[in-house]
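Source file: work.csv. Holds: CSV, C-alpha atoms and all ligand atoms.
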```csv
chain,number,residue,atom,x,y,z
A,1,MET,CA,-4.2,-8.7,-22.1
A,2,PRO,CA,-5.1,-8.3,-18.4
A,3,ARG,CA,-4.4,-11.2,-16.1
A,4,LEU,CA,-7.4,-12.7,-14.3
A,5,HIS,CA,-7.0,-12.7,-10.5
A,6,VAL,CA,-9.8,-14.5,-8.8
A,7,ASN,CA,-11.1,-13.2,-5.5
A,8,ILE,CA,-12.1,-16.1,-3.2
A,9,ASP,CA,-13.7,-14.2,-0.3
A,10,HIS,CA,-17.2,-15.6,-1.0
A,11,VAL,CA,-16.1,-19.2,-0.8
A,12,ALA,CA,-15.1,-18.3,2.8
A,13,THR,CA,-18.5,-16.5,3.2
A,14,LEU,CA,-20.2,-19.7,2.6
A,15,ARG,CA,-18.0,-21.6,5.0
A,16,GLN,CA,-18.5,-19.0,7.7
A,17,ALA,CA,-22.3,-19.1,7.3
A,18,ARG,CA,-22.0,-22.4,9.3
A,19,ARG,CA,-18.7,-21.9,11.0
A,20,GLU,CA,-17.7,-25.1,9.2
A,21,THR,CA,-14.4,-26.3,7.8
A,22,PHE,CA,-15.8,-26.5,4.3
A,23,PRO,CA,-16.0,-25.4,1.5
A,24,ASP,CA,-12.3,-24.7,1.9
A,25,PRO,CA,-11.3,-21.5,0.1
A,26,ILE,CA,-7.7,-22.7,-0.3
A,27,THR,CA,-8.9,-25.9,-2.1
A,28,TRP,CA,-11.2,-23.7,-4.3
A,29,ALA,CA,-8.3,-21.3,-5.0
A,30,LEU,CA,-6.0,-24.1,-6.1
A,31,ALA,CA,-8.8,-25.4,-8.5
A,32,ALA,CA,-9.0,-21.8,-9.9
A,33,GLU,CA,-5.3,-21.7,-10.4
A,34,LYS,CA,-5.5,-25.1,-12.2
A,35,ALA,CA,-8.2,-23.7,-14.4
A,36,GLY,CA,-5.9,-20.8,-15.4
A,37,ALA,CA,-6.4,-18.0,-12.8
A,38,GLN,CA,-3.2,-16.0,-12.8
A,39,GLY,CA,-3.5,-14.9,-9.2
A,40,ILE,CA,-5.7,-15.2,-6.2
A,41,THR,CA,-7.1,-12.3,-4.2
A,42,CYS,CA,-8.6,-12.3,-0.7
A,43,HIS,CA,-9.6,-9.5,1.7
A,44,LEU,CA,-8.8,-10.0,5.3
A,45,ARG,CA,-11.4,-7.7,6.8
A,46,THR,CA,-11.0,-6.4,10.3
A,47,ASP,CA,-14.3,-8.1,11.2
A,48,GLN,CA,-13.1,-11.4,9.7
A,49,ARG,CA,-16.5,-12.1,8.3
A,50,HIS,CA,-15.2,-14.3,5.5
A,51,ILE,CA,-11.4,-14.8,5.2
A,52,GLN,CA,-9.6,-15.8,8.4
A,53,PRO,CA,-5.9,-15.1,9.2
A,54,ASP,CA,-5.1,-18.8,8.9
A,55,ASP,CA,-6.6,-18.8,5.4
A,56,VAL,CA,-4.1,-16.1,4.3
A,57,LYS,CA,-1.2,-18.1,5.8
A,58,ARG,CA,-2.3,-21.2,4.0
A,59,LEU,CA,-2.8,-19.4,0.7
A,60,ARG,CA,0.7,-17.8,1.0
A,61,ARG,CA,2.2,-21.3,1.3
A,62,ALA,CA,0.0,-23.1,-1.2
A,63,LEU,CA,-0.4,-20.8,-4.2
A,64,THR,CA,1.8,-21.2,-7.2
A,65,THR,CA,0.7,-17.9,-8.8
A,66,ARG,CA,0.5,-14.7,-6.7
A,67,LEU,CA,-1.3,-13.8,-3.6
A,68,ASN,CA,-2.9,-10.3,-3.7
A,69,LEU,CA,-4.0,-9.5,-0.1
A,70,GLU,CA,-6.6,-6.7,0.2
A,71,LEU,CA,-6.3,-4.9,3.5
A,72,SER,CA,-7.4,-1.7,5.3
A,73,LEU,CA,-5.1,0.7,7.1
A,74,GLU,CA,-6.1,-0.8,10.5
A,75,PRO,CA,-2.7,-1.3,12.3
A,76,GLY,CA,-3.3,-4.9,13.3
A,77,VAL,CA,-4.1,-6.0,9.7
A,78,VAL,CA,-1.1,-4.0,8.4
A,79,ASP,CA,1.2,-5.8,10.9
A,80,PHE,CA,-0.2,-9.1,9.8
A,81,ALA,CA,0.4,-8.3,6.1
A,82,LEU,CA,3.9,-7.3,6.9
A,83,ARG,CA,4.5,-10.7,8.5
A,84,ILE,CA,2.8,-12.6,5.6
A,85,ARG,CA,4.7,-10.8,2.8
A,86,PRO,CA,2.1,-11.2,0.0
A,87,GLN,CA,3.4,-10.6,-3.5
A,88,SER,CA,0.7,-7.8,-3.9
A,89,ALA,CA,-1.1,-5.8,-1.3
A,90,CYS,CA,-4.1,-3.7,-2.2
A,91,ILE,CA,-5.2,-1.1,0.3
A,92,VAL,CA,-9.0,-0.7,0.5
A,93,PRO,CA,-11.4,1.4,2.6
A,94,GLU,CA,-13.5,-0.5,5.1
A,95,LYS,CA,-16.7,0.3,6.9
A,96,ARG,CA,-18.2,-2.0,9.4
A,97,ALA,CA,-21.8,-2.2,8.2
A,98,GLU,CA,-21.1,-2.4,4.4
A,99,VAL,CA,-22.1,-5.6,2.5
A,100,THR,CA,-19.0,-5.2,0.3
A,101,THR,CA,-16.3,-2.5,-0.3
A,102,GLU,CA,-18.3,0.6,-1.1
A,103,GLY,CA,-16.3,3.1,-3.2
A,104,GLY,CA,-12.6,3.7,-3.4
A,105,LEU,CA,-10.1,4.8,-0.8
A,106,ASP,CA,-9.8,8.5,-0.1
A,107,VAL,CA,-6.1,8.7,-0.7
A,108,VAL,CA,-6.1,12.5,-0.3
A,109,ARG,CA,-7.6,12.2,3.2
A,110,GLU,CA,-5.4,9.1,4.1
A,111,ARG,CA,-2.2,10.6,2.7
A,112,LYS,CA,-0.4,10.7,6.1
A,113,ARG,CA,-1.1,7.1,7.0
A,114,LEU,CA,-0.4,5.9,3.4
A,115,LEU,CA,3.0,7.7,3.3
A,116,ARG,CA,3.9,5.5,6.3
A,117,VAL,CA,2.3,2.1,5.3
A,118,VAL,CA,3.0,2.0,1.5
A,119,PRO,CA,6.8,2.0,2.0
A,120,LEU,CA,6.6,-0.6,4.8
A,121,LEU,CA,4.7,-3.0,2.6
A,122,ALA,CA,7.0,-2.3,-0.4
A,123,ALA,CA,10.0,-3.0,1.8
A,124,LYS,CA,8.6,-6.5,2.4
A,125,GLY,CA,8.5,-7.2,-1.3
A,126,ALA,CA,4.8,-6.3,-2.0
A,127,GLU,CA,3.7,-4.5,-5.1
A,128,VAL,CA,1.4,-2.0,-3.5
A,129,SER,CA,-1.9,-1.0,-5.0
A,130,LEU,CA,-4.5,1.5,-3.9
A,131,PHE,CA,-8.2,0.8,-4.7
A,132,ILE,CA,-9.6,4.1,-5.9
A,133,ASP,CA,-12.5,5.6,-7.7
A,134,PRO,CA,-11.6,6.8,-11.2
A,135,ASP,CA,-11.0,10.4,-10.0
A,136,PRO,CA,-8.0,12.4,-11.2
A,137,ARG,CA,-7.3,13.8,-7.6
A,138,GLN,CA,-7.1,10.3,-6.3
A,139,VAL,CA,-4.8,9.1,-9.1
A,140,GLU,CA,-2.5,12.0,-8.4
A,141,ALA,CA,-2.5,11.4,-4.7
A,142,ALA,CA,-1.8,7.7,-5.3
A,143,PHE,CA,1.3,8.7,-7.2
A,144,GLU,CA,2.4,11.1,-4.4
A,145,VAL,CA,2.2,8.4,-1.7
A,146,GLY,CA,4.4,6.1,-3.7
A,147,ALA,CA,2.0,3.3,-4.7
A,148,HIS,CA,3.0,1.1,-7.6
A,149,PHE,CA,-0.5,0.4,-8.8
A,150,VAL,CA,-4.0,1.8,-8.6
A,151,GLU,CA,-6.9,-0.6,-8.8
A,152,LEU,CA,-9.7,1.3,-10.4
A,153,HIS,CA,-13.0,0.7,-8.8
A,154,THR,CA,-15.4,-0.5,-11.5
A,155,GLY,CA,-18.4,-0.9,-9.2
A,156,THR,CA,-20.2,2.3,-10.3
A,157,TYR,CA,-19.7,1.3,-14.0
A,158,ALA,CA,-21.0,-2.2,-13.2
A,159,ASN,CA,-24.2,-0.9,-11.5
A,160,ALA,CA,-25.0,1.7,-14.2
A,161,LEU,CA,-27.0,1.2,-17.4
A,162,GLY,CA,-27.1,2.7,-20.9
A,163,LYS,CA,-25.6,6.2,-21.3
A,164,LYS,CA,-24.6,6.3,-17.6
A,165,ARG,CA,-22.6,3.1,-18.0
A,166,GLU,CA,-20.9,4.7,-21.1
A,167,ARG,CA,-20.0,7.7,-19.0
A,168,GLU,CA,-18.6,5.6,-16.2
A,169,LEU,CA,-16.5,3.6,-18.8
A,170,GLU,CA,-15.1,6.9,-20.1
A,171,ARG,CA,-14.1,8.0,-16.6
A,172,LEU,CA,-12.3,4.7,-16.1
A,173,ARG,CA,-10.5,5.0,-19.4
A,174,ASP,CA,-9.5,8.6,-18.6
A,175,ALA,CA,-8.3,7.6,-15.1
A,176,ALA,CA,-6.3,4.7,-16.5
A,177,ALA,CA,-4.6,7.0,-19.1
A,178,LEU,CA,-3.8,9.6,-16.4
A,179,ALA,CA,-2.4,6.9,-14.1
A,180,ILE,CA,-0.1,5.6,-16.8
A,181,THR,CA,1.1,9.1,-17.7
A,182,ALA,CA,1.9,9.7,-14.0
A,183,GLY,CA,4.0,6.5,-14.0
A,184,LEU,CA,1.6,4.3,-12.1
A,185,ARG,CA,0.4,0.8,-13.2
A,186,VAL,CA,-3.3,0.0,-13.5
A,187,ASN,CA,-5.5,-2.8,-12.3
A,188,ALA,CA,-9.3,-2.8,-12.1
A,189,GLY,CA,-12.1,-4.6,-10.3
A,190,HIS,CA,-15.3,-4.8,-8.3
A,191,GLY,CA,-18.7,-5.8,-9.6
A,192,LEU,CA,-17.3,-7.3,-12.8
A,193,ASP,CA,-19.3,-10.2,-14.3
A,194,TYR,CA,-19.7,-12.2,-17.5
A,195,GLU,CA,-21.9,-9.5,-19.1
A,196,ASN,CA,-19.9,-6.4,-18.3
A,197,VAL,CA,-16.2,-7.4,-18.3
A,198,ALA,CA,-15.3,-7.1,-21.9
A,199,PRO,CA,-15.1,-3.2,-22.2
A,200,ILE,CA,-13.0,-3.1,-19.0
A,201,ALA,CA,-10.6,-5.8,-20.4
A,202,ALA,CA,-10.4,-3.5,-23.5
A,203,ILE,CA,-9.0,-0.5,-21.6
A,204,PRO,CA,-5.4,-0.1,-22.7
A,205,ARG,CA,-2.6,-1.2,-20.3
A,206,VAL,CA,-4.9,-2.5,-17.6
A,207,GLU,CA,-2.7,-5.3,-16.2
A,208,GLU,CA,-5.0,-7.2,-13.9
A,209,LEU,CA,-8.7,-7.7,-13.3
A,210,ASN,CA,-9.8,-8.8,-9.8
A,211,ILE,CA,-13.1,-10.7,-10.0
A,212,GLY,CA,-14.8,-12.6,-7.2
A,213,PHE,CA,-18.5,-12.8,-6.7
A,214,ALA,CA,-19.6,-13.5,-10.3
A,215,ILE,CA,-17.0,-16.4,-10.6
A,216,VAL,CA,-17.7,-18.0,-7.3
A,217,ALA,CA,-21.5,-17.8,-7.9
A,218,GLU,CA,-21.1,-19.3,-11.4
A,219,SER,CA,-19.0,-22.1,-10.1
A,220,LEU,CA,-22.0,-23.4,-8.1
A,221,PHE,CA,-23.6,-24.2,-11.3
A,222,SER,CA,-20.8,-25.1,-13.7
A,223,GLY,CA,-17.8,-25.9,-11.5
A,224,VAL,CA,-14.7,-23.9,-10.8
A,225,ARG,CA,-12.9,-24.8,-14.1
A,226,GLU,CA,-15.7,-23.7,-16.3
A,227,ALA,CA,-16.5,-20.6,-14.3
A,228,VAL,CA,-12.8,-19.4,-14.5
A,229,THR,CA,-12.2,-20.4,-18.2
A,230,ARG,CA,-15.4,-18.7,-19.3
A,231,MET,CA,-14.4,-15.5,-17.7
A,232,GLN,CA,-10.9,-15.8,-19.1
A,233,ARG,CA,-12.3,-16.2,-22.6
A,234,LEU,CA,-14.3,-13.0,-22.2
A,235,VAL,CA,-11.3,-11.1,-20.9
A,236,ARG,CA,-9.3,-12.3,-23.9
A,237,ARG,CA,-12.0,-11.5,-26.4
A,238,GLY,CA,-12.5,-7.9,-25.0
A,239,SER,CA,-8.8,-7.2,-25.0
A,240,ARG,CA,-8.2,-8.7,-28.5
A,241,ALA,CA,-11.2,-6.7,-30.0
A,242,ALA,CA,-9.7,-3.5,-28.6
A,243,SER,CA,-6.2,-4.2,-30.0
A,244,SER,CA,-7.5,-5.1,-33.4
A,245,ALA,CA,-9.6,-1.9,-33.4
A,246,SER,CA,-6.5,0.1,-32.7
A,247,GLY,CA,-4.4,-1.7,-35.3
A,248,GLY,CA,-2.5,-3.7,-32.6
A,249,ARG,CA,-1.1,-0.6,-30.9
B,301,LIG,N1,-11.3,-5.4,-6.0
B,301,LIG,C1,-11.5,-5.0,-4.7
B,301,LIG,C2,-10.5,-4.0,-4.2
B,301,LIG,C3,-12.5,-5.5,-3.8
B,301,LIG,O1,-12.6,-5.1,-2.6
B,301,LIG,C4,-13.3,-6.5,-4.4
B,301,LIG,C5,-14.4,-7.1,-3.5
B,301,LIG,O2,-13.8,-7.7,-2.4
B,301,LIG,C6,-13.1,-7.0,-5.7
B,301,LIG,C7,-12.1,-6.4,-6.5
B,301,LIG,C8,-13.9,-8.1,-6.3
B,301,LIG,O3,-15.3,-7.6,-6.4
B,301,LIG,P1,-16.4,-8.7,-6.8
B,301,LIG,O4,-16.5,-9.7,-5.8
B,301,LIG,O5,-17.6,-7.8,-7.0
B,301,LIG,O6,-15.9,-9.3,-8.1
```
Turn this file's structure into structure tokens for me.
Amino acid sequence: MPRLHVNIDHVATLRQARRETFPDPITWALAAEKAGAQGITCHLRTDQRHIQPDDVKRLRRALTTRLNLELSLEPGVVDFALRIRPQSACIVPEKRAEVTTEGGLDVVRERKRLLRVVPLLAAKGAEVSLFIDPDPRQVEAAFEVGAHFVELHTGTYANALGKKRERELERLRDAAALAITAGLRVNAGHGLDYENVAPIAAIPRVEELNIGFAIVAESLFSGVREAVTRMQRLVRRGSRAASSASGGR
């Protein structure tokens, strides 16, 4: 069954809207851990629009599960990550004007920089993941640059409806299978919510789902505990339904 990693960026977005000291993303992350989150993810963007460097330092000290730090290939952020030594590092593309991460990293184009940065992060003890679209060329390139994991971008699936969503799901399943065959490990995330998570949780051998916005938004109504446990129930149900359909294989 995939582990649930909760992305706390949007707790920080709310705090930064007023440049206040609250709501504190670390306090919220600890409540998510207490509710059963198996890891905490945050994205230190170059523009620092939500998570701040000090948040990452505090998370690294306070978490009892795992810190998954999302970062771009921008040298200052990479140097910071090397000092922080997160348990996981997920390399993502970043564009200044985007509302959120749009699309996966172009590993083929970034090959040279990745061949330098991936081993540096790995040498500091991080499991290195590349956030990619479910595209066979990107999966193969991720293997070539030495990543441990790919995180499959589920945003297009999440935004699609009907037959188009089915097609996107098929692309994700195929990319996951290809990655496993190549010797990579597989995570998934982006745009997942209470309505669309189950089929993703059912993809064989996906190890971790990174989910942020939907859980943070739901926590405003039902509290952190309920928002996390409800998502976890859906992940469990999706994964169990798949394994009983395949006879437990
Ligand atoms: N995975 C990656 C690589 C991301 O960049 C994000 C968004 O920061 C997420 C997962 C979580 O996406 P969402 O907030 O839509 O659940």
For this session: With all atoms listed in the file counted, collect every polymer residue having an atom within 7 Å of ligand LIG 301 (chain B); state the result as a list in words.
Result: Asn7, Asp9, His43, Glu70, Cys90, Val92, Thr100, Thr101, Phe131, Glu151, His153, Ala188, Gly189, His190, Gly191, Leu192, Asn210, Ile211, Gly212, Phe213 and Ala214 of chain A
Seminar exercise, completed: As a check of understanding: the span from atom CA of Glu94 of chain A to atom CA of Ser129 of chain A is 15.4 Å
Exercise. Do you know which residues lie at most 9 Å from (-15.7, -10.2, -24.5), with coordinates as in the file and all atoms listed in the file counted, and could you write them as an MDAnalysis selection string?
Worked result: chainID A and resid 194:199 201:202 231 233:241
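Going from atom CA of Ala17 of chain A over to atom CA of His50 of chain A, you cover 8.8 Å.
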Problem set entry | Close residues, Val216 of chain A itself excluded, 8 Å, all atoms listed in the file, min 2 positions apart in chain, as number ranges by chain | A: 8, 10-11, 212-214, 218-220, 224, 227
Convert the current residue selection to file output with C-alpha atoms, as a PDB file, in the coordinates of the input.
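Final output, again21.pdb:
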```pdb
ATOM      1  CA  ILE A   8     -12.100 -16.100  -3.200  1.00  0.00           C
ATOM      2  CA  HIS A  10     -17.200 -15.600  -1.000  1.00  0.00           C
ATOM      3  CA  VAL A  11     -16.100 -19.200  -0.800  1.00  0.00           C
ATOM      4  CA  GLY A 212     -14.800 -12.600  -7.200  1.00  0.00           C
ATOM      5  CA  PHE A 213     -18.500 -12.800  -6.700  1.00  0.00           C
ATOM      6  CA  ALA A 214     -19.600 -13.500 -10.300  1.00  0.00           C
ATOM      7  CA  GLU A 218     -21.100 -19.300 -11.400  1.00  0.00           C
ATOM      8  CA  SER A 219     -19.000 -22.100 -10.100  1.00  0.00           C
ATOM      9  CA  LEU A 220     -22.000 -23.400  -8.100  1.00  0.00           C
ATOM     10  CA  VAL A 224     -14.700 -23.900 -10.800  1.00  0.00           C
ATOM     11  CA  ALA A 227     -16.500 -20.600 -14.300  1.00  0.00           C
TER      12      ALA A 227
END
```
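Here the question is which of A:Ile203, A:Val186, A:Ile132, A:Ala31 gets nearest to Phe149 of chain A using only C-alpha atoms, and that residue is A:Val186.
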Exercise. For Lys57 of chain A, which residue among A:Arg116, A:Arg85, A:Arg45, A:Lys95 is the nearest when counting all atoms listed in the file?
Worked result: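 Result for the nearest residue to Lys57 of chain A: A:Arg85.
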Pull the closest atom pair for each residue of segment 173-203 of chain A that gets at most 10 Å from segment 142-147 of chain A, along with the distance in Å to one decimal, counting all atoms listed in the file, ordering rows by chain and then ascending residue number, as a tab-separated table.
```
residue	atom	partner	partner_atom	distance
A:Ala179	CA	A:Phe143	CA	8.0
A:Ala182	CA	A:Phe143	CA	6.9
A:Gly183	CA	A:Phe143	CA	7.6
A:Leu184	CA	A:Phe143	CA	6.6
A:Arg185	CA	A:Ala147	CA	9.0
```
Got time to write the residues from that selection, C-alpha atoms, as a PDB file, keeping the file's coordinate frame?
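So the final result, stored in out.pdb, reads:
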```pdb
ATOM      1  CA  ALA A 179      -2.400   6.900 -14.100  1.00  0.00           C
ATOM      2  CA  ALA A 182       1.900   9.700 -14.000  1.00  0.00           C
ATOM      3  CA  GLY A 183       4.000   6.500 -14.000  1.00  0.00           C
ATOM      4  CA  LEU A 184       1.600   4.300 -12.100  1.00  0.00           C
ATOM      5  CA  ARG A 185       0.400   0.800 -13.200  1.00  0.00           C
TER       6      ARG A 185
END
```
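Atom pair atom CA of Pro93 of chain A / atom CA of Glu74 of chain A has a distance of 9.8 Å (rounded to one decimal).
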For this session: Find the residues near Arg205 of chain A: any atom within 9 Å, counting all atoms listed in the file, skip ones fewer than 4 places away on the same chain, and give them as a list in words.
Result: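 Answer for this query is Met1, Pro2, Ala176, Ala177, Ile180, Arg185, Val186 and Asn187 of chain A.
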For this session: Fewer than 4 positions away in the same chain doesn't count, so skip those; otherwise give me all residues within 7 Å of Leu69 of chain A, counting only C-alpha atoms, as a ChimeraX atom specification.
Result: /A:41-43,86,88-90
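Taking all atoms listed in the file, the non-local environment of Gly39 of chain A within 10 Å (same-chain residues fewer than 3 positions away omitted) comprises Arg3, Leu4, His5, Val6, Asn7, Ala29, Ala32, Glu33, Gly36, Leu63, Thr64, Thr65, Arg66, Leu67, Asn68, Gln87, Ser88, Glu208, Leu209 and Asn210 of chain A.
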Exercise. When distances are computed from only C-alpha atoms, which of A:Asp193, A:Glu207, A:Asp133, A:Glu110 shows the smallest separation from Asp174 of chain A?
Worked result: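 With only C-alpha atoms as the atom set, the closest residue is A:Asp133.
Distances from A:Ser72, A:Ala245, A:Ala126, A:Ala81 to Pro204 of chain A were compared using all atoms listed in the file, and the smallest one belongs to A:Ala245.
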Exercise. Smallest atom-to-atom distance to Ala123 of chain A: which of A:Val108, A:Leu71, A:Leu82, A:Ala158, using only C-alpha atoms?
Worked result: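 Among the listed residues, the smallest separation from Ala123 of chain A belongs to A:Leu82.
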Would you save segment 113-123 of chain A to a file, keeping all heavy atoms, as a tab-separated table (two decimals), in the first residue's frame?
```tsv
chain	number	residue	atom	x	y	z
A	113	ARG	N	22.88	18.66	-15.95
A	113	ARG	CA	22.82	19.18	-14.57
A	113	ARG	C	22.45	18.08	-13.59
A	113	ARG	O	22.95	18.00	-12.48
A	113	ARG	CB	21.80	20.32	-14.48
A	113	ARG	CG	22.35	21.63	-15.01
A	113	ARG	CD	21.71	22.81	-14.38
A	113	ARG	NE	20.32	23.01	-14.81
A	113	ARG	CZ	19.55	23.97	-14.31
A	113	ARG	NH1	20.01	24.78	-13.36
A	113	ARG	NH2	18.32	24.13	-14.76
A	114	LEU	N	21.54	17.18	-14.05
A	114	LEU	CA	21.11	16.09	-13.15
A	114	LEU	C	22.24	15.11	-12.87
A	114	LEU	O	22.37	14.60	-11.75
A	114	LEU	CB	19.90	15.38	-13.75
A	114	LEU	CG	18.61	16.20	-13.67
A	114	LEU	CD1	17.55	15.62	-14.60
A	114	LEU	CD2	18.08	16.26	-12.24
A	115	LEU	N	23.06	14.87	-13.88
A	115	LEU	CA	24.18	13.94	-13.68
A	115	LEU	C	25.15	14.46	-12.60
A	115	LEU	O	25.86	13.71	-11.96
A	115	LEU	CB	24.94	13.73	-15.00
A	115	LEU	CG	24.29	12.72	-15.95
A	115	LEU	CD1	24.95	12.78	-17.33
A	115	LEU	CD2	24.37	11.29	-15.40
A	116	ARG	N	25.12	15.77	-12.39
A	116	ARG	CA	25.97	16.37	-11.35
A	116	ARG	C	25.24	16.39	-10.00
A	116	ARG	O	25.78	16.00	-8.97
A	116	ARG	CB	26.36	17.80	-11.76
A	116	ARG	CG	27.53	18.37	-11.00
A	116	ARG	CD	27.87	19.75	-11.51
A	116	ARG	NE	26.78	20.69	-11.27
A	116	ARG	CZ	26.54	21.25	-10.08
A	116	ARG	NH1	27.30	20.98	-9.04
A	116	ARG	NH2	25.52	22.08	-9.92
A	117	VAL	N	23.94	16.83	-10.03
A	117	VAL	CA	23.23	17.09	-8.77
A	117	VAL	C	22.72	15.80	-8.09
A	117	VAL	O	22.79	15.68	-6.87
A	117	VAL	CB	22.06	18.08	-9.03
A	117	VAL	CG1	21.15	18.20	-7.83
A	117	VAL	CG2	22.61	19.44	-9.42
A	118	VAL	N	22.24	14.83	-8.87
A	118	VAL	CA	21.67	13.61	-8.26
A	118	VAL	C	22.71	12.91	-7.36
A	118	VAL	O	22.41	12.63	-6.19
A	118	VAL	CB	21.10	12.66	-9.34
A	118	VAL	CG1	20.73	11.30	-8.75
A	118	VAL	CG2	19.88	13.29	-10.03
A	119	PRO	N	23.94	12.68	-7.85
A	119	PRO	CA	24.91	12.02	-6.95
A	119	PRO	C	25.28	12.87	-5.73
A	119	PRO	O	25.57	12.32	-4.67
A	119	PRO	CB	26.15	11.80	-7.83
A	119	PRO	CG	25.76	12.11	-9.21
A	119	PRO	CD	24.49	12.86	-9.21
A	120	LEU	N	25.26	14.20	-5.87
A	120	LEU	CA	25.59	15.06	-4.71
A	120	LEU	C	24.56	14.86	-3.61
A	120	LEU	O	24.89	14.70	-2.44
A	120	LEU	CB	25.61	16.54	-5.13
A	120	LEU	CG	26.78	17.02	-5.99
A	120	LEU	CD1	26.61	18.48	-6.37
A	120	LEU	CD2	28.10	16.83	-5.22
A	121	LEU	N	23.28	14.86	-4.00
A	121	LEU	CA	22.20	14.68	-3.01
A	121	LEU	C	22.27	13.27	-2.41
A	121	LEU	O	22.11	13.08	-1.21
A	121	LEU	CB	20.83	14.93	-3.65
A	121	LEU	CG	20.52	16.40	-4.00
A	121	LEU	CD1	19.34	16.49	-4.95
A	121	LEU	CD2	20.25	17.21	-2.73
A	122	ALA	N	22.50	12.30	-3.28
A	122	ALA	CA	22.55	10.90	-2.81
A	122	ALA	C	23.71	10.72	-1.82
A	122	ALA	O	23.57	10.02	-0.81
A	122	ALA	CB	22.70	9.96	-4.00
A	123	ALA	N	24.83	11.41	-2.09
A	123	ALA	CA	25.99	11.28	-1.19
A	123	ALA	C	25.68	11.85	0.20
A	123	ALA	O	26.34	11.50	1.18
A	123	ALA	CB	27.19	11.99	-1.79
```
